[in-house]
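Okay, start-v7.pdb now, which holds PDB, C-alpha atoms:
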ATOM      1  CA  MET A   1     127.401 105.094  94.578
ATOM      2  CA  ASP A   2     126.832 103.598  98.026
ATOM      3  CA  LYS A   3     125.203 100.316  99.023
ATOM      4  CA  ALA A   4     121.788 101.924  99.521
ATOM      5  CA  ASP A   5     121.843 103.313  95.968
ATOM      6  CA  ILE A   6     122.863  99.944  94.573
ATOM      7  CA  ALA A   7     120.124  98.199  96.551
ATOM      8  CA  GLY A   8     117.551 100.753  95.395
ATOM      9  CA  ASP A   9     118.566 100.249  91.771
ATOM     10  CA  TYR A  10     118.371  96.491  92.186
ATOM     11  CA  ILE A  11     114.888  96.694  93.703
ATOM     12  CA  GLU A  12     113.705  99.000  90.926
ATOM     13  CA  GLN A  13     115.059  96.642  88.255
ATOM     14  CA  SER A  14     113.457  93.650  89.982
ATOM     15  CA  ILE A  15     110.085  95.356  90.079
ATOM     16  CA  GLU A  16     110.301  96.342  86.411
ATOM     17  CA  LEU A  17     111.252  92.793  85.451
ATOM     18  CA  ALA A  18     108.407  91.324  87.507
ATOM     19  CA  LEU A  19     105.912  93.721  85.903
ATOM     20  CA  GLU A  20     107.182  92.898  82.420
ATOM     21  CA  ASN A  21     106.916  89.173  83.136
ATOM     22  CA  GLN A  22     103.382  89.636  84.435
ATOM     23  CA  ARG A  23     102.422  91.656  81.353
ATOM     24  CA  ASN A  24     103.713  88.865  79.148
ATOM     25  CA  ARG A  25     101.819  86.173  81.085
ATOM     26  CA  THR A  26      98.568  88.022  81.536
ATOM     27  CA  THR A  27      95.847  87.458  79.052
ATOM     28  CA  ALA A  28      93.056  89.907  79.522
ATOM     29  CA  THR A  29      90.079  87.802  80.441
ATOM     30  CA  SER A  30      87.837  90.638  81.461
ATOM     31  CA  ASP A  31      87.405  94.264  80.606
ATOM     32  CA  ASP A  32      85.587  94.762  83.906
ATOM     33  CA  PRO A  33      87.173  97.820  85.551
ATOM     34  CA  TYR A  34      85.928  96.811  89.009
ATOM     35  CA  CYS A  35      87.724  94.778  91.664
ATOM     36  CA  GLU A  36      86.406  91.228  92.071
ATOM     37  CA  GLU A  37      86.934  91.418  95.833
ATOM     38  CA  CYS A  38      85.549  94.808  96.895
ATOM     39  CA  GLY A  39      83.818  96.203  93.804
ATOM     40  CA  VAL A  40      85.820  99.441  93.762
ATOM     41  CA  GLU A  41      86.958 100.687  90.356
ATOM     42  CA  ILE A  42      90.514  99.590  89.578
ATOM     43  CA  PRO A  43      92.639 102.655  88.686
ATOM     44  CA  ALA A  44      93.329 103.058  84.959
ATOM     45  CA  LYS A  45      97.108 103.033  85.487
ATOM     46  CA  ARG A  46      96.887  99.620  87.184
ATOM     47  CA  ARG A  47      94.676  98.249  84.396
ATOM     48  CA  GLU A  48      97.171  99.573  81.816
ATOM     49  CA  ALA A  49     100.174  98.124  83.668
ATOM     50  CA  LEU A  50      98.498  94.744  84.254
ATOM     51  CA  PRO A  51      95.777  94.174  81.671
ATOM     52  CA  GLY A  52      93.092  91.859  82.961
ATOM     53  CA  CYS A  53      94.049  92.256  86.634
ATOM     54  CA  PRO A  54      91.031  91.233  88.704
ATOM     55  CA  THR A  55      91.759  93.162  91.904
ATOM     56  CA  CYS A  56      92.614  96.639  93.136
ATOM     57  CA  VAL A  57      95.974  97.246  94.829
ATOM     58  CA  GLU A  58      94.561  97.073  98.358
ATOM     59  CA  CYS A  59      92.780  93.762  97.811
ATOM     60  CA  GLN A  60      95.819  92.301  96.042
ATOM     61  CA  GLN A  61      97.991  93.252  99.014
ATOM     62  CA  LEU A  62      95.541  91.552 101.384
ATOM     63  CA  LEU A  63      95.477  88.409  99.249
ATOM     64  CA  GLU A  64      99.274  88.310  99.146
ATOM     65  CA  ALA A  65      99.511  88.875 102.915
ATOM     66  CA  LYS A  66      97.162  85.944 103.520
ATOM     67  CA  THR A  67      99.275  83.761 101.234
ATOM     68  CA  ARG A  68     102.470  84.738 103.080
ATOM     69  CA  ASN A  69     100.915  83.833 106.426
ATOM     70  CA  TYR A  70     100.092  80.302 105.261
ATOM     71  CA  ARG A  71     103.636  79.446 104.210
TER
END

Translate the structure of the given file into structure tokens.
Amino acid sequence: MDKADIAGDYIEQSIELALENQRNRTTATSDDPYCEECGVEIPAKRREALPGCPTCVECQQLLEAKTRNYR
């Protein structure tokens, strides 16, 4: 196993842990399948992975990018 494989495994584990933590913290506040930002339907797989998520992937990425730029 080379360094790239080890790094890839580490990233994968980190993502899984972050998703599990988010699942445990999230309390579904809305069954609305539409993004609060753009109104597009949030994909079912995203809603299953993160119950109660208020935004689609694209809008979430934009929100996170804005947050990064302010730090």

Using the chain letters and numbering of this document, enumerate as an mmCIF file with C-alpha atoms, in the coordinates of the input the residues selected by the PyMOL selection byres ((chain A and resi 36-50) around 10).
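This is the output file result-v1.cif:
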data_model
loop_
_atom_site.group_PDB
_atom_site.id
_atom_site.type_symbol
_atom_site.label_atom_id
_atom_site.label_comp_id
_atom_site.auth_asym_id
_atom_site.auth_seq_id
_atom_site.Cartn_x
_atom_site.Cartn_y
_atom_site.Cartn_z
ATOM 1 C CA LEU A 19 105.912 93.721 85.903
ATOM 2 C CA GLU A 20 107.182 92.898 82.420
ATOM 3 C CA GLN A 22 103.382 89.636 84.435
ATOM 4 C CA ARG A 23 102.422 91.656 81.353
ATOM 5 C CA ASN A 24 103.713 88.865 79.148
ATOM 6 C CA ARG A 25 101.819 86.173 81.085
ATOM 7 C CA THR A 26 98.568 88.022 81.536
ATOM 8 C CA THR A 27 95.847 87.458 79.052
ATOM 9 C CA ALA A 28 93.056 89.907 79.522
ATOM 10 C CA ASP A 31 87.405 94.264 80.606
ATOM 11 C CA ASP A 32 85.587 94.762 83.906
ATOM 12 C CA PRO A 33 87.173 97.820 85.551
ATOM 13 C CA TYR A 34 85.928 96.811 89.009
ATOM 14 C CA CYS A 35 87.724 94.778 91.664
ATOM 15 C CA PRO A 51 95.777 94.174 81.671
ATOM 16 C CA GLY A 52 93.092 91.859 82.961
ATOM 17 C CA CYS A 53 94.049 92.256 86.634
ATOM 18 C CA PRO A 54 91.031 91.233 88.704
ATOM 19 C CA THR A 55 91.759 93.162 91.904
ATOM 20 C CA CYS A 56 92.614 96.639 93.136
ATOM 21 C CA VAL A 57 95.974 97.246 94.829
ATOM 22 C CA GLU A 58 94.561 97.073 98.358
ATOM 23 C CA CYS A 59 92.780 93.762 97.811
ATOM 24 C CA GLN A 60 95.819 92.301 96.042
ATOM 25 C CA LEU A 63 95.477 88.409 99.249
#

Fill in: Å distance separating atom CA of A:Leu17 from atom CA of A:Ala4, one decimal place
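Atom-to-atom, atom CA of A:Leu17 and atom CA of A:Ala4 are spaced 19.8 Å apart.
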
Discussion item. What's the separation between atom CA of A:Asn21 and atom CA of A:Glu64, in Å to one decimal place?
Written reply: 17.8 Å

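Note that the spacing between atom CA of A:Arg68 and atom CA of A:Ala18 amounts to 17.9 Å.
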